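Reproduced below: data-v3.txt, with compact mmCIF, C-alpha atoms.
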```txt
# COMPACT_ATOMS: atom_id res chain seq x y z
CA MET A 198 30.60 -33.83 -13.57
CA ASP A 199 30.76 -33.22 -9.81
CA PRO A 200 28.21 -35.05 -7.63
CA ILE A 201 25.64 -32.66 -6.19
CA ILE A 202 22.94 -33.34 -3.60
CA CYS A 203 19.57 -32.51 -5.18
CA THR A 204 16.51 -32.07 -3.00
CA VAL A 205 13.08 -30.52 -3.22
CA ASP A 206 11.65 -28.54 -0.27
CA VAL A 207 8.11 -27.26 0.05
CA VAL A 208 6.84 -24.26 2.01
CA LEU A 209 3.27 -25.33 2.79
CA LEU A 210 1.26 -22.28 3.90
CA THR A 211 -2.18 -22.02 5.43
CA LEU A 212 -4.33 -19.61 7.47
CA GLN A 213 -5.35 -20.49 11.01
CA ASP A 214 -6.87 -18.09 13.58
CA ASP A 215 -6.33 -15.19 11.16
CA ALA A 216 -2.57 -15.79 10.99
CA LEU A 217 -0.37 -17.16 8.21
CA LYS A 218 1.15 -20.50 9.25
CA VAL A 219 3.79 -22.80 7.79
CA ALA A 220 3.57 -26.58 8.06
CA LEU A 221 6.66 -28.27 9.53
CA LEU A 222 7.53 -31.94 9.86
CA LYS A 223 9.93 -33.59 12.30
CA ARG A 224 12.85 -34.95 10.27
CA GLU A 225 12.99 -38.74 10.27
CA ARG A 226 16.69 -39.00 9.45
CA GLU A 227 20.05 -37.33 9.96
CA PRO A 228 21.10 -34.60 9.50
CA TYR A 229 18.91 -32.77 12.03
CA GLN A 230 16.95 -35.93 12.92
CA GLY A 231 13.89 -35.05 15.03
CA VAL A 232 14.10 -31.32 14.22
CA ALA A 233 11.06 -29.56 12.71
CA ALA A 234 11.79 -28.59 9.10
CA LEU A 235 10.10 -27.88 5.79
CA PRO A 236 8.77 -31.06 4.15
CA GLY A 237 11.30 -32.17 1.56
CA GLY A 238 13.48 -34.95 0.30
CA TYR A 239 15.49 -36.41 -2.53
CA ILE A 240 14.27 -36.54 -6.10
CA HIS A 241 13.43 -40.09 -7.27
CA VAL A 242 14.64 -40.35 -10.85
CA GLU A 243 12.72 -43.59 -11.41
CA SER A 244 9.32 -42.13 -10.58
CA ASP A 245 9.39 -38.30 -10.56
CA ALA A 246 8.54 -36.66 -13.91
CA ASP A 247 10.14 -33.40 -12.76
CA THR A 248 10.71 -31.43 -9.55
CA HIS A 249 7.06 -30.26 -9.45
CA ASP A 250 6.02 -33.91 -9.46
CA ALA A 251 8.54 -34.63 -6.68
CA ALA A 252 7.06 -31.80 -4.57
CA MET A 253 3.52 -33.20 -5.05
CA ARG A 254 4.75 -36.67 -4.04
CA MET A 255 6.37 -35.35 -0.85
CA LEU A 256 3.24 -33.49 0.24
CA ARG A 257 1.09 -36.53 -0.49
CA ASP A 258 3.36 -39.09 1.19
CA LYS A 259 4.59 -37.04 4.15
CA ALA A 260 1.58 -34.84 4.96
CA GLY A 261 -1.34 -36.53 3.20
CA ILE A 262 -2.07 -33.37 1.21
CA VAL A 263 -2.90 -32.63 -2.43
CA PRO A 264 -2.56 -28.83 -2.54
CA PRO A 265 -4.87 -26.75 -4.75
CA TYR A 266 -1.89 -24.50 -5.56
CA LEU A 267 1.81 -25.31 -5.93
CA GLU A 268 4.36 -23.00 -7.56
CA GLN A 269 8.12 -23.12 -7.98
CA LEU A 270 9.75 -20.52 -5.78
CA ALA A 271 13.49 -20.59 -6.55
CA SER A 272 16.53 -22.79 -6.10
CA PHE A 273 18.95 -22.46 -3.20
CA SER A 274 22.49 -23.79 -3.53
CA GLY A 275 26.02 -23.87 -2.23
CA PRO A 276 28.62 -25.86 -0.28
CA ALA A 277 27.44 -24.90 3.24
CA ARG A 278 23.65 -25.12 3.32
CA ASP A 279 23.63 -28.92 3.82
CA PRO A 280 26.26 -30.62 6.03
CA ARG A 281 26.38 -33.53 3.56
CA GLY A 282 28.03 -31.43 0.83
CA TRP A 283 27.43 -29.11 -2.12
CA SER A 284 23.67 -29.11 -2.61
CA ILE A 285 20.79 -27.64 -4.56
CA SER A 286 17.27 -27.40 -3.21
CA ILE A 287 14.51 -26.62 -5.66
CA ALA A 288 11.99 -24.88 -3.41
CA TYR A 289 8.24 -24.73 -3.98
CA TYR A 290 5.42 -23.10 -2.08
CA ALA A 291 1.93 -24.52 -1.71
CA LEU A 292 -1.28 -22.96 -0.42
CA VAL A 293 -3.98 -25.01 1.32
CA PRO A 294 -7.07 -24.19 3.36
CA SER A 295 -6.42 -25.30 6.94
CA ALA A 296 -9.29 -27.83 6.75
CA LEU A 297 -7.07 -29.93 4.46
CA ILE A 298 -4.26 -30.18 6.99
CA SER A 299 -4.24 -33.02 9.50
CA GLN A 300 -2.40 -31.84 12.58
CA GLN A 301 -1.51 -35.42 13.35
CA HIS A 302 0.93 -35.12 10.48
CA VAL A 303 2.34 -31.62 10.75
CA LEU A 304 3.15 -28.80 13.16
CA LEU A 305 1.81 -25.38 12.25
CA ALA A 306 4.03 -22.42 13.15
CA ASP A 307 3.33 -18.72 12.75
CA VAL A 308 5.49 -17.41 9.88
CA ASP A 309 6.10 -14.17 11.76
CA SER A 310 7.37 -15.87 14.92
CA THR A 311 11.06 -16.42 15.60
CA LEU A 312 11.56 -19.82 14.04
CA GLN A 313 14.75 -21.84 14.30
CA LEU A 314 14.85 -24.01 11.21
CA PRO A 315 17.63 -26.34 9.98
CA PHE A 316 19.57 -25.88 6.70
CA ASP A 317 18.62 -22.54 5.05
CA HIS A 318 14.94 -23.30 5.55
CA LYS A 319 14.36 -19.93 7.22
CA SER A 320 15.57 -18.12 4.07
CA ILE A 321 13.38 -20.36 1.91
CA LEU A 322 10.36 -19.67 4.16
CA ASP A 323 10.99 -15.91 4.10
CA ALA A 324 11.27 -15.91 0.30
CA ALA A 325 7.96 -17.83 0.01
CA VAL A 326 6.10 -15.48 2.36
CA GLN A 327 7.44 -12.46 0.49
CA ARG A 328 6.37 -13.96 -2.87
CA LEU A 329 2.89 -14.78 -1.54
CA ARG A 330 2.37 -11.32 -0.03
CA SER A 331 3.59 -9.51 -3.10
CA LYS A 332 1.52 -11.64 -5.50
CA SER A 333 -1.60 -11.27 -3.32
CA GLN A 334 -1.74 -7.59 -4.19
CA TYR A 335 -2.73 -8.20 -7.77
CA SER A 336 -4.09 -11.73 -8.09
CA SER A 337 -6.59 -14.35 -6.98
CA LEU A 338 -3.83 -16.24 -5.12
CA PRO A 339 -5.33 -15.68 -1.60
CA CYS A 340 -8.50 -17.55 -2.65
CA TYR A 341 -6.56 -20.82 -2.38
CA LEU A 342 -6.30 -20.18 1.36
CA ALA A 343 -10.00 -19.41 1.77
CA GLY A 344 -11.39 -22.89 1.21
CA GLU A 345 -13.80 -24.03 -1.49
CA THR A 346 -16.58 -21.67 -0.49
CA PHE A 347 -16.52 -18.35 1.38
CA THR A 348 -18.39 -15.11 1.89
CA LEU A 349 -16.95 -11.79 0.75
CA PRO A 350 -16.21 -10.69 4.35
CA GLN A 351 -14.31 -13.96 4.86
CA LEU A 352 -12.32 -13.46 1.64
CA GLN A 353 -11.56 -9.86 2.53
CA LYS A 354 -10.18 -11.06 5.88
CA VAL A 355 -7.85 -13.48 4.06
CA TYR A 356 -6.52 -10.66 1.84
CA GLU A 357 -6.11 -8.43 4.90
CA VAL A 358 -4.10 -11.03 6.82
CA LEU A 359 -1.79 -11.53 3.82
CA MET A 360 -1.35 -7.85 3.11
CA GLY A 361 -1.02 -6.94 6.78
CA GLU A 362 -3.47 -4.05 6.65
CA PRO A 363 -7.22 -3.38 6.66
CA LEU A 364 -8.77 -2.92 3.20
CA ASN A 365 -11.63 -0.63 2.26
CA LYS A 366 -14.76 -2.78 1.78
CA VAL A 367 -16.14 -0.91 -1.23
CA SER A 368 -12.82 -0.83 -3.06
CA PHE A 369 -12.14 -4.49 -2.23
CA ARG A 370 -15.49 -5.54 -3.71
CA ARG A 371 -14.88 -3.47 -6.83
CA LYS A 372 -11.52 -5.21 -7.33
CA MET A 373 -13.12 -8.65 -6.87
CA ASP A 374 -15.79 -7.69 -9.44
CA GLU A 375 -13.07 -6.53 -11.80
CA MET A 376 -11.27 -9.88 -11.59
CA ASP A 377 -14.60 -11.57 -12.41
CA MET A 378 -13.43 -14.85 -10.90
CA LEU A 379 -16.14 -15.53 -8.29
CA GLU A 380 -19.61 -17.03 -8.68
CA ALA A 381 -22.41 -16.84 -6.11
CA ILE A 382 -23.76 -20.23 -5.02
CA GLU A 383 -27.49 -19.77 -5.57
CA GLY A 384 -29.56 -19.72 -2.38
CA LYS A 385 -26.55 -20.34 -0.12
CA MET A 386 -26.12 -17.77 2.67
CA MET A 387 -24.01 -17.82 5.79
CA ALA A 388 -24.79 -16.04 9.05
CA SER A 389 -21.97 -14.50 11.06
CA GLY A 390 -22.50 -13.01 14.53
CA ALA A 391 -24.90 -10.10 14.59
CA HIS A 392 -24.53 -9.43 10.84
CA ARG A 393 -27.08 -10.19 8.15
CA PRO A 394 -26.44 -13.56 6.45
CA ALA A 395 -23.92 -13.11 3.62
CA GLN A 396 -23.97 -14.67 0.16
CA VAL A 397 -21.61 -17.65 -0.25
CA TYR A 398 -19.25 -17.67 -3.25
CA ARG A 399 -16.72 -20.00 -4.88
CA LEU A 400 -14.08 -19.58 -7.60
CA LYS A 401 -15.41 -20.00 -11.14
CA ALA A 402 -14.23 -23.30 -12.61
CA ALA A 403 -11.76 -21.53 -14.95
CA TYR A 404 -9.86 -20.03 -12.00
CA ARG A 405 -9.66 -23.07 -9.74
CA LYS A 406 -6.47 -24.16 -11.52
CA ARG A 407 -5.01 -20.88 -12.72
CA LEU A 408 -4.59 -17.41 -11.30
CA GLN A 409 -6.60 -14.39 -12.28
CA LEU A 410 -4.61 -11.14 -12.31
CA LEU A 411 -5.54 -7.55 -11.60
CA GLU A 412 -4.04 -5.02 -14.00
CA ARG A 413 -3.68 -2.57 -11.10
CA GLY A 414 -3.11 -3.85 -7.59
CA LEU A 415 -5.48 -3.64 -4.63
CA MET B 1 20.29 -40.58 -3.44
CA ASP B 2 19.93 -40.87 -7.20
CA PRO B 3 22.61 -39.22 -9.38
CA ILE B 4 21.24 -36.19 -11.20
CA ILE B 5 22.90 -34.07 -13.87
CA CYS B 6 23.07 -30.48 -12.61
CA THR B 7 23.76 -27.66 -15.02
CA VAL B 8 23.35 -23.89 -15.16
CA ASP B 9 22.12 -22.21 -18.35
CA VAL B 10 22.04 -18.48 -19.02
CA VAL B 11 19.74 -16.53 -21.31
CA LEU B 12 21.90 -13.54 -22.22
CA LEU B 13 19.71 -10.82 -23.72
CA THR B 14 20.63 -7.60 -25.49
CA LEU B 15 19.15 -5.03 -27.85
CA GLN B 16 20.52 -4.62 -31.36
CA ASP B 17 18.89 -2.69 -34.22
CA ASP B 18 15.82 -2.09 -32.05
CA ALA B 19 15.20 -5.82 -31.58
CA LEU B 20 15.64 -8.08 -28.57
CA LYS B 21 18.40 -10.62 -29.22
CA VAL B 22 19.67 -13.70 -27.39
CA ALA B 23 23.33 -14.69 -27.33
CA LEU B 24 24.06 -18.26 -28.44
CA LEU B 25 27.29 -20.26 -28.39
CA LYS B 26 28.26 -23.26 -30.51
CA ARG B 27 28.52 -26.25 -28.20
CA GLU B 28 32.06 -27.57 -27.86
CA ARG B 29 31.08 -31.07 -26.78
CA GLU B 30 28.47 -33.78 -27.22
CA PRO B 31 25.53 -33.89 -26.93
CA TYR B 32 24.63 -31.47 -29.73
CA GLN B 33 28.29 -30.67 -30.49
CA GLY B 34 28.57 -27.69 -32.86
CA VAL B 35 24.92 -26.67 -32.37
CA ALA B 36 24.11 -23.11 -31.22
CA ALA B 37 22.73 -23.17 -27.67
CA LEU B 38 22.37 -21.06 -24.55
CA PRO B 39 25.70 -20.64 -22.71
CA GLY B 40 25.79 -23.17 -19.89
CA GLY B 41 27.66 -25.97 -18.22
CA TYR B 42 28.22 -28.07 -15.15
CA ILE B 43 28.49 -26.62 -11.67
CA HIS B 44 32.04 -26.83 -10.25
CA VAL B 45 31.67 -27.71 -6.58
CA GLU B 46 35.31 -26.84 -5.86
CA SER B 47 35.04 -23.25 -7.04
CA ASP B 48 31.39 -22.14 -7.39
CA ALA B 49 29.90 -20.53 -4.26
CA ASP B 50 26.38 -21.15 -5.61
CA THR B 51 24.54 -21.37 -8.94
CA HIS B 52 24.58 -17.57 -9.36
CA ASP B 53 28.36 -17.70 -9.10
CA ALA B 54 28.44 -20.55 -11.64
CA ALA B 55 26.37 -18.48 -14.08
CA MET B 56 28.76 -15.51 -13.70
CA ARG B 57 31.74 -17.83 -14.33
CA MET B 58 30.18 -19.25 -17.51
CA LEU B 59 29.47 -15.80 -18.96
CA ARG B 60 32.98 -14.65 -18.10
CA ASP B 61 34.81 -17.73 -19.40
CA LYS B 62 32.68 -18.53 -22.44
CA ALA B 63 31.59 -15.10 -23.64
CA GLY B 64 33.99 -12.68 -21.93
CA ILE B 65 31.09 -10.84 -20.27
CA VAL B 66 30.42 -9.49 -16.77
CA PRO B 67 26.71 -8.65 -16.98
CA PRO B 68 25.32 -5.61 -15.11
CA TYR B 69 22.19 -7.66 -14.31
CA LEU B 70 21.77 -11.39 -13.65
CA GLU B 71 18.68 -12.95 -12.08
CA GLN B 72 17.60 -16.51 -11.40
CA LEU B 73 14.75 -17.45 -13.73
CA ALA B 74 13.60 -20.96 -12.72
CA SER B 75 14.75 -24.54 -12.77
CA PHE B 76 13.88 -26.98 -15.53
CA SER B 77 14.01 -30.70 -14.85
CA GLY B 78 13.06 -34.22 -15.89
CA PRO B 79 14.28 -37.44 -17.49
CA ALA B 80 13.95 -36.36 -21.14
CA ARG B 81 15.35 -32.83 -21.46
CA ASP B 82 18.98 -34.03 -21.62
CA PRO B 83 19.93 -37.24 -23.49
CA ARG B 84 22.48 -38.06 -20.75
CA GLY B 85 19.78 -38.71 -18.13
CA TRP B 86 17.58 -37.16 -15.44
CA SER B 87 18.73 -33.56 -15.19
CA ILE B 88 18.11 -30.19 -13.59
CA SER B 89 19.10 -26.91 -15.18
CA ILE B 90 19.05 -23.83 -12.98
CA ALA B 91 18.33 -21.12 -15.54
CA TYR B 92 19.34 -17.47 -15.22
CA TYR B 93 18.81 -14.48 -17.45
CA ALA B 94 21.27 -11.65 -17.91
CA LEU B 95 20.88 -8.23 -19.53
CA VAL B 96 23.75 -6.46 -21.26
CA PRO B 97 24.08 -3.46 -23.55
CA SER B 98 25.18 -4.73 -26.98
CA ALA B 99 28.45 -2.76 -26.75
CA LEU B 100 29.61 -5.30 -24.14
CA ILE B 101 29.13 -8.26 -26.47
CA SER B 102 31.96 -9.39 -28.69
CA GLN B 103 30.46 -11.04 -31.73
CA GLN B 104 33.61 -13.07 -32.14
CA HIS B 105 32.40 -15.03 -29.16
CA VAL B 106 28.66 -15.31 -29.65
CA LEU B 107 25.90 -15.41 -32.24
CA LEU B 108 23.02 -13.01 -31.72
CA ALA B 109 19.56 -14.28 -32.72
CA ASP B 110 16.25 -12.43 -32.70
CA VAL B 111 14.17 -13.84 -29.82
CA ASP B 112 11.02 -13.62 -31.93
CA SER B 113 12.44 -15.60 -34.86
CA THR B 114 11.86 -19.33 -35.26
CA LEU B 115 14.84 -20.71 -33.37
CA GLN B 116 15.76 -24.39 -33.24
CA LEU B 117 17.58 -24.88 -29.97
CA PRO B 118 18.83 -28.10 -28.34
CA PHE B 119 17.57 -29.52 -25.01
CA ASP B 120 14.60 -27.45 -23.74
CA HIS B 121 16.52 -24.23 -24.39
CA LYS B 122 13.62 -22.80 -26.40
CA SER B 123 11.32 -23.11 -23.36
CA ILE B 124 13.98 -21.53 -21.15
CA LEU B 125 14.41 -18.66 -23.64
CA ASP B 126 10.65 -18.10 -23.87
CA ALA B 127 10.32 -18.01 -20.09
CA ALA B 128 13.14 -15.45 -19.83
CA VAL B 129 11.65 -13.18 -22.49
CA GLN B 130 8.25 -13.36 -20.81
CA ARG B 131 9.78 -12.51 -17.41
CA LEU B 132 11.74 -9.57 -18.87
CA ARG B 133 8.72 -8.17 -20.72
CA SER B 134 6.43 -8.49 -17.73
CA LYS B 135 8.93 -6.97 -15.29
CA SER B 136 9.71 -4.09 -17.68
CA GLN B 137 6.19 -2.76 -17.14
CA TYR B 138 6.88 -1.70 -13.59
CA SER B 139 10.63 -1.46 -13.05
CA SER B 140 13.96 0.00 -14.08
CA LEU B 141 15.00 -3.35 -15.60
CA PRO B 142 15.15 -2.06 -19.24
CA CYS B 143 17.85 0.45 -18.22
CA TYR B 144 20.36 -2.40 -18.10
CA LEU B 145 19.90 -2.78 -21.86
CA ALA B 146 20.36 0.93 -22.55
CA GLY B 147 24.05 1.23 -21.77
CA GLU B 148 25.72 3.38 -19.15
CA THR B 149 24.40 6.68 -20.53
CA PHE B 150 21.36 7.46 -22.65
CA THR B 151 18.91 10.18 -23.56
CA LEU B 152 15.23 9.92 -22.62
CA PRO B 153 14.19 9.26 -26.25
CA GLN B 154 16.73 6.39 -26.36
CA LEU B 155 15.44 4.96 -23.08
CA GLN B 156 11.83 5.26 -24.23
CA LYS B 157 12.75 3.29 -27.38
CA VAL B 158 14.20 0.49 -25.20
CA TYR B 159 10.99 0.29 -23.16
CA GLU B 160 8.93 0.32 -26.37
CA VAL B 161 10.89 -2.55 -27.94
CA LEU B 162 10.45 -4.63 -24.76
CA MET B 163 6.77 -3.85 -24.35
CA GLY B 164 6.05 -4.20 -28.05
CA GLU B 165 4.07 -0.98 -28.33
CA PRO B 166 4.59 2.77 -28.63
CA LEU B 167 4.41 4.69 -25.33
CA ASN B 168 3.09 8.17 -24.75
CA LYS B 169 6.06 10.51 -24.30
CA VAL B 170 4.52 12.65 -21.54
CA SER B 171 3.30 9.70 -19.52
CA PHE B 172 6.62 7.86 -20.00
CA ARG B 173 8.56 10.84 -18.65
CA ARG B 174 6.21 11.17 -15.68
CA LYS B 175 6.80 7.50 -14.81
CA MET B 176 10.58 7.91 -15.07
CA ASP B 177 10.34 10.97 -12.78
CA GLU B 178 8.24 8.95 -10.35
CA MET B 179 10.88 6.21 -10.16
CA ASP B 180 13.48 8.90 -9.39
CA MET B 181 16.31 6.66 -10.57
CA LEU B 182 17.96 8.81 -13.26
CA GLU B 183 20.43 11.65 -12.95
CA ALA B 184 21.29 14.14 -15.69
CA ILE B 185 24.99 14.30 -16.58
CA GLU B 186 25.67 18.02 -16.31
CA GLY B 187 26.46 19.70 -19.60
CA LYS B 188 26.28 16.49 -21.62
CA MET B 189 23.87 16.63 -24.56
CA MET B 190 23.45 14.34 -27.53
CA ALA B 191 22.20 15.37 -30.97
CA SER B 192 20.01 12.99 -32.92
CA GLY B 193 18.98 13.64 -36.54
CA ALA B 194 16.95 16.81 -36.99
CA HIS B 195 15.99 16.97 -33.30
CA ARG B 196 17.33 19.38 -30.74
CA PRO B 197 20.22 17.90 -28.72
CA ALA B 198 18.84 15.90 -25.80
CA GLN B 199 20.10 15.74 -22.21
CA VAL B 200 22.16 12.62 -21.41
CA TYR B 201 21.26 10.63 -18.28
CA ARG B 202 22.59 7.68 -16.32
CA LEU B 203 21.22 5.55 -13.47
CA LYS B 204 21.80 6.97 -10.00
CA ALA B 205 24.46 4.96 -8.18
CA ALA B 206 21.86 3.36 -5.87
CA TYR B 207 20.04 1.77 -8.81
CA ARG B 208 23.01 0.45 -10.78
CA LYS B 209 22.93 -2.75 -8.73
CA ARG B 210 19.30 -3.02 -7.72
CA LEU B 211 15.95 -2.48 -9.40
CA GLN B 212 13.66 0.44 -8.80
CA LEU B 213 9.96 -0.44 -8.94
CA LEU B 214 6.87 1.48 -10.00
CA GLU B 215 3.85 1.05 -7.73
CA ARG B 216 1.57 1.20 -10.80
CA GLY B 217 2.86 -0.03 -14.15
CA LEU B 218 3.58 2.03 -17.25
```
Transcribe the structure of this file into structure tokens.
Amino acid sequence: MDPIICTVDVVLLTLQDDALKVALLKREREPYQGVAALPGGYIHVESDADTHDAAMRMLRDKAGIVPPYLEQLASFSGPARDPRGWSISIAYYALVPSALISQQHVLLADVDSTLQLPFDHKSILDAAVQRLRSKSQYSSLPCYLAGETFTLPQLQKVYEVLMGEPLNKVSFRRKMDEMDMLEAIEGKMMASGAHRPAQVYRLKAAYRKRLQLLERGL
Amino acid sequence: MDPIICTVDVVLLTLQDDALKVALLKREREPYQGVAALPGGYIHVESDADTHDAAMRMLRDKAGIVPPYLEQLASFSGPARDPRGWSISIAYYALVPSALISQQHVLLADVDSTLQLPFDHKSILDAAVQRLRSKSQYSSLPCYLAGETFTLPQLQKVYEVLMGEPLNKVSFRRKMDEMDMLEAIEGKMMASGAHRPAQVYRLKAAYRKRLQLLERGL
């Protein structure tokens, strides 16, 4: 059995100023000490139940975050991606509302900007963004970026940022109705600019931990 | 850095007698020596370019197969799945027409039968079957099980076995037209029972190595 370097890396995504951002941390150790990279690290066989557990630990310890959504993305491997030797990274992606992110801990970078990242972290980031955008078309996934409560115009904006195009308001609301995953918070309205106050919603309890899917996309 | 056992396991799927089958190999070594399991093994850091390459090597060396389709499924990890210690398996699934499988090398088992498999191979198998069935709804993936050439009734049967339900012939043909991935082999017809001979098709060259997707599922 050949020795292989096993790490877990997490693409932590959030929305800020209507743009999709990735959270980066300055690396504490070599290689690439001081360089901004995806949060990650070695698996601890004494304490981690699996790689999902390791990803949760890294977000908690390094960024102070317990994400509402964390999913395995893919593994990345080979002799050249890490200067220390043949390595495997099990990559995850997490979604968090920006209110949960302390900017003392992390740097937020626009995913569409030209980012120079160490290792193959740019490929991992690109794969995560592609997965998120593709899954947003037919699921409740974007709600994890919207915060605990939101109005329908706010939620529509989140979907629009992820899908990169304006959505028709009537058709968007019909799709949200079809997914039947939202509940109105009684008596709670939110004013926005010159518009009438809008009803505030949240995810129904059943969908706070698991995705709801659309049979046909948006 | 804690030592971790890194393996690659492959769920090799085929169709035989209108049923989805998985290829199993008797294990040559402990643990579980002599027990039928998914083909798999250690990564060889001297020769494998990545885990995809390792999966191709295992299918070639252990089952004599070069699959037309191989995709990473997910990684499975933890302290208990392998009696040797904390381990990660990077799992792949491969699709092959049954004509490519030599039954001297492998055992074929119905994926829907009650299979007793070592390690967490049953979970890996179930995840692969679920991925294949879900992806079959909106892609050319099932074509890799149909062989190099096929008639439309044969291809429809493959889709039906994977999706577990009969499909409407007119709507099926419209979807295949929409994907625009098939080409008729001029002058080649195939007779089947009492039916009129049917035109023989194959995948267009562009789709023999990559999937074609339907915007809306079948």
Near segment 384-386 of chain A, counting all atoms listed in the file, which residues have an atom at most 8 Å away, once you skip same-chain residues fewer than 6 positions from it, shown as a ChimeraX atom specification? /A:394-397
With all atoms listed in the file counted and 10 Å as the cut-off, give the residues of chain B in contact with chain A, each with its shortest interatomic distance in Å and the pair that gives it, as JSON lines.
```
{"residue": "B:Met1", "atom": "CA", "partner": "A:Tyr239", "partner_atom": "CA", "distance": 6.4}
{"residue": "B:Asp2", "atom": "CA", "partner": "A:Val242", "partner_atom": "CA", "distance": 6.4}
{"residue": "B:Pro3", "atom": "CA", "partner": "A:Pro200", "partner_atom": "CA", "distance": 7.2}
{"residue": "B:Ile4", "atom": "CA", "partner": "A:Cys203", "partner_atom": "CA", "distance": 7.3}
{"residue": "B:Ile5", "atom": "CA", "partner": "A:Met198", "partner_atom": "CA", "distance": 7.7}
{"residue": "B:Cys6", "atom": "CA", "partner": "A:Ile201", "partner_atom": "CA", "distance": 7.3}
{"residue": "B:Thr7", "atom": "CA", "partner": "A:Met198", "partner_atom": "CA", "distance": 9.3}
{"residue": "B:Gly41", "atom": "CA", "partner": "A:Met198", "partner_atom": "CA", "distance": 9.6}
{"residue": "B:Tyr42", "atom": "CA", "partner": "A:Met198", "partner_atom": "CA", "distance": 6.4}
{"residue": "B:Ile43", "atom": "CA", "partner": "A:Asp199", "partner_atom": "CA", "distance": 7.2}
{"residue": "B:His44", "atom": "CA", "partner": "A:Asp199", "partner_atom": "CA", "distance": 6.5}
{"residue": "B:Val45", "atom": "CA", "partner": "A:Trp283", "partner_atom": "CA", "distance": 6.3}
{"residue": "B:Glu46", "atom": "CA", "partner": "A:Pro276", "partner_atom": "CA", "distance": 8.8}
{"residue": "B:Ser47", "atom": "CA", "partner": "A:Pro276", "partner_atom": "CA", "distance": 9.7}
{"residue": "B:Asp48", "atom": "CA", "partner": "A:Gly275", "partner_atom": "CA", "distance": 7.6}
{"residue": "B:Ala49", "atom": "CA", "partner": "A:Gly275", "partner_atom": "CA", "distance": 5.5}
{"residue": "B:Asp50", "atom": "CA", "partner": "A:Gly275", "partner_atom": "CA", "distance": 4.4}
{"residue": "B:Thr51", "atom": "CA", "partner": "A:Ser274", "partner_atom": "CA", "distance": 6.3}
{"residue": "B:His52", "atom": "CA", "partner": "A:Ser274", "partner_atom": "CA", "distance": 8.8}
{"residue": "B:Asp53", "atom": "CA", "partner": "A:Gly275", "partner_atom": "CA", "distance": 9.5}
{"residue": "B:Gln72", "atom": "CA", "partner": "A:Ala271", "partner_atom": "CA", "distance": 7.6}
{"residue": "B:Leu73", "atom": "CA", "partner": "A:Ala271", "partner_atom": "CA", "distance": 7.9}
{"residue": "B:Ala74", "atom": "CA", "partner": "A:Ala271", "partner_atom": "CA", "distance": 6.2}
{"residue": "B:Ser75", "atom": "CA", "partner": "A:Ser272", "partner_atom": "CA", "distance": 7.1}
{"residue": "B:Phe76", "atom": "CA", "partner": "A:Asp247", "partner_atom": "CA", "distance": 7.9}
{"residue": "B:Ser77", "atom": "CA", "partner": "A:Asp247", "partner_atom": "CA", "distance": 5.2}
{"residue": "B:Gly78", "atom": "CA", "partner": "A:Asp247", "partner_atom": "CA", "distance": 4.4}
{"residue": "B:Pro79", "atom": "CA", "partner": "A:Ala246", "partner_atom": "CA", "distance": 6.8}
{"residue": "B:Ala80", "atom": "CA", "partner": "A:Ala246", "partner_atom": "CA", "distance": 9.0}
{"residue": "B:Gly85", "atom": "CA", "partner": "A:Val242", "partner_atom": "CA", "distance": 9.1}
{"residue": "B:Trp86", "atom": "CA", "partner": "A:Val242", "partner_atom": "CA", "distance": 6.3}
{"residue": "B:Ser87", "atom": "CA", "partner": "A:Asp247", "partner_atom": "CA", "distance": 8.9}
{"residue": "B:Ile88", "atom": "CA", "partner": "A:Thr248", "partner_atom": "CA", "distance": 8.5}
{"residue": "B:Ile90", "atom": "CA", "partner": "A:Ser272", "partner_atom": "CA", "distance": 7.4}
{"residue": "B:Ala91", "atom": "CA", "partner": "A:Ser272", "partner_atom": "CA", "distance": 9.8}
{"residue": "B:Glu215", "atom": "CA", "partner": "A:Gly414", "partner_atom": "CA", "distance": 8.5}
{"residue": "B:Arg216", "atom": "CA", "partner": "A:Arg413", "partner_atom": "CA", "distance": 6.5}
{"residue": "B:Gly217", "atom": "CA", "partner": "A:Arg413", "partner_atom": "CA", "distance": 7.7}
```
Env of Thr346 of chain A: 8 Å cut, atoms = all atoms listed in the file, seq-sep filter 2 positions within chain, self excluded. Answer as a VMD selection string. chain A and resid 343 to 344 348 397 to 400
Quick one: write out the picked residues with C-alpha atoms as a CSV table (one decimal), in the coordinates of the input?
```
chain,number,residue,atom,x,y,z
A,343,ALA,CA,-10.0,-19.4,1.8
A,344,GLY,CA,-11.4,-22.9,1.2
A,348,THR,CA,-18.4,-15.1,1.9
A,397,VAL,CA,-21.6,-17.6,-0.2
A,398,TYR,CA,-19.2,-17.7,-3.2
A,399,ARG,CA,-16.7,-20.0,-4.9
A,400,LEU,CA,-14.1,-19.6,-7.6
```
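With atom CA of Pro265 of chain A on one side and atom CA of Phe347 of chain A on the other, the separation reads 15.6 Å.
Proximity to Leu408 of chain A at 12 Å, evaluated using all atoms listed in the file and with sequence-adjacent residues fewer than 2 positions away removed, yields Pro265, Tyr266, Leu267, Glu268, Lys332, Ser333, Tyr335, Ser336, Ser337, Leu338, Pro339, Cys340, Tyr341, Met376, Asp377, Met378, Leu400, Lys401, Ala402, Ala403, Tyr404, Arg405, Lys406, Leu410 and Leu411 of chain A.
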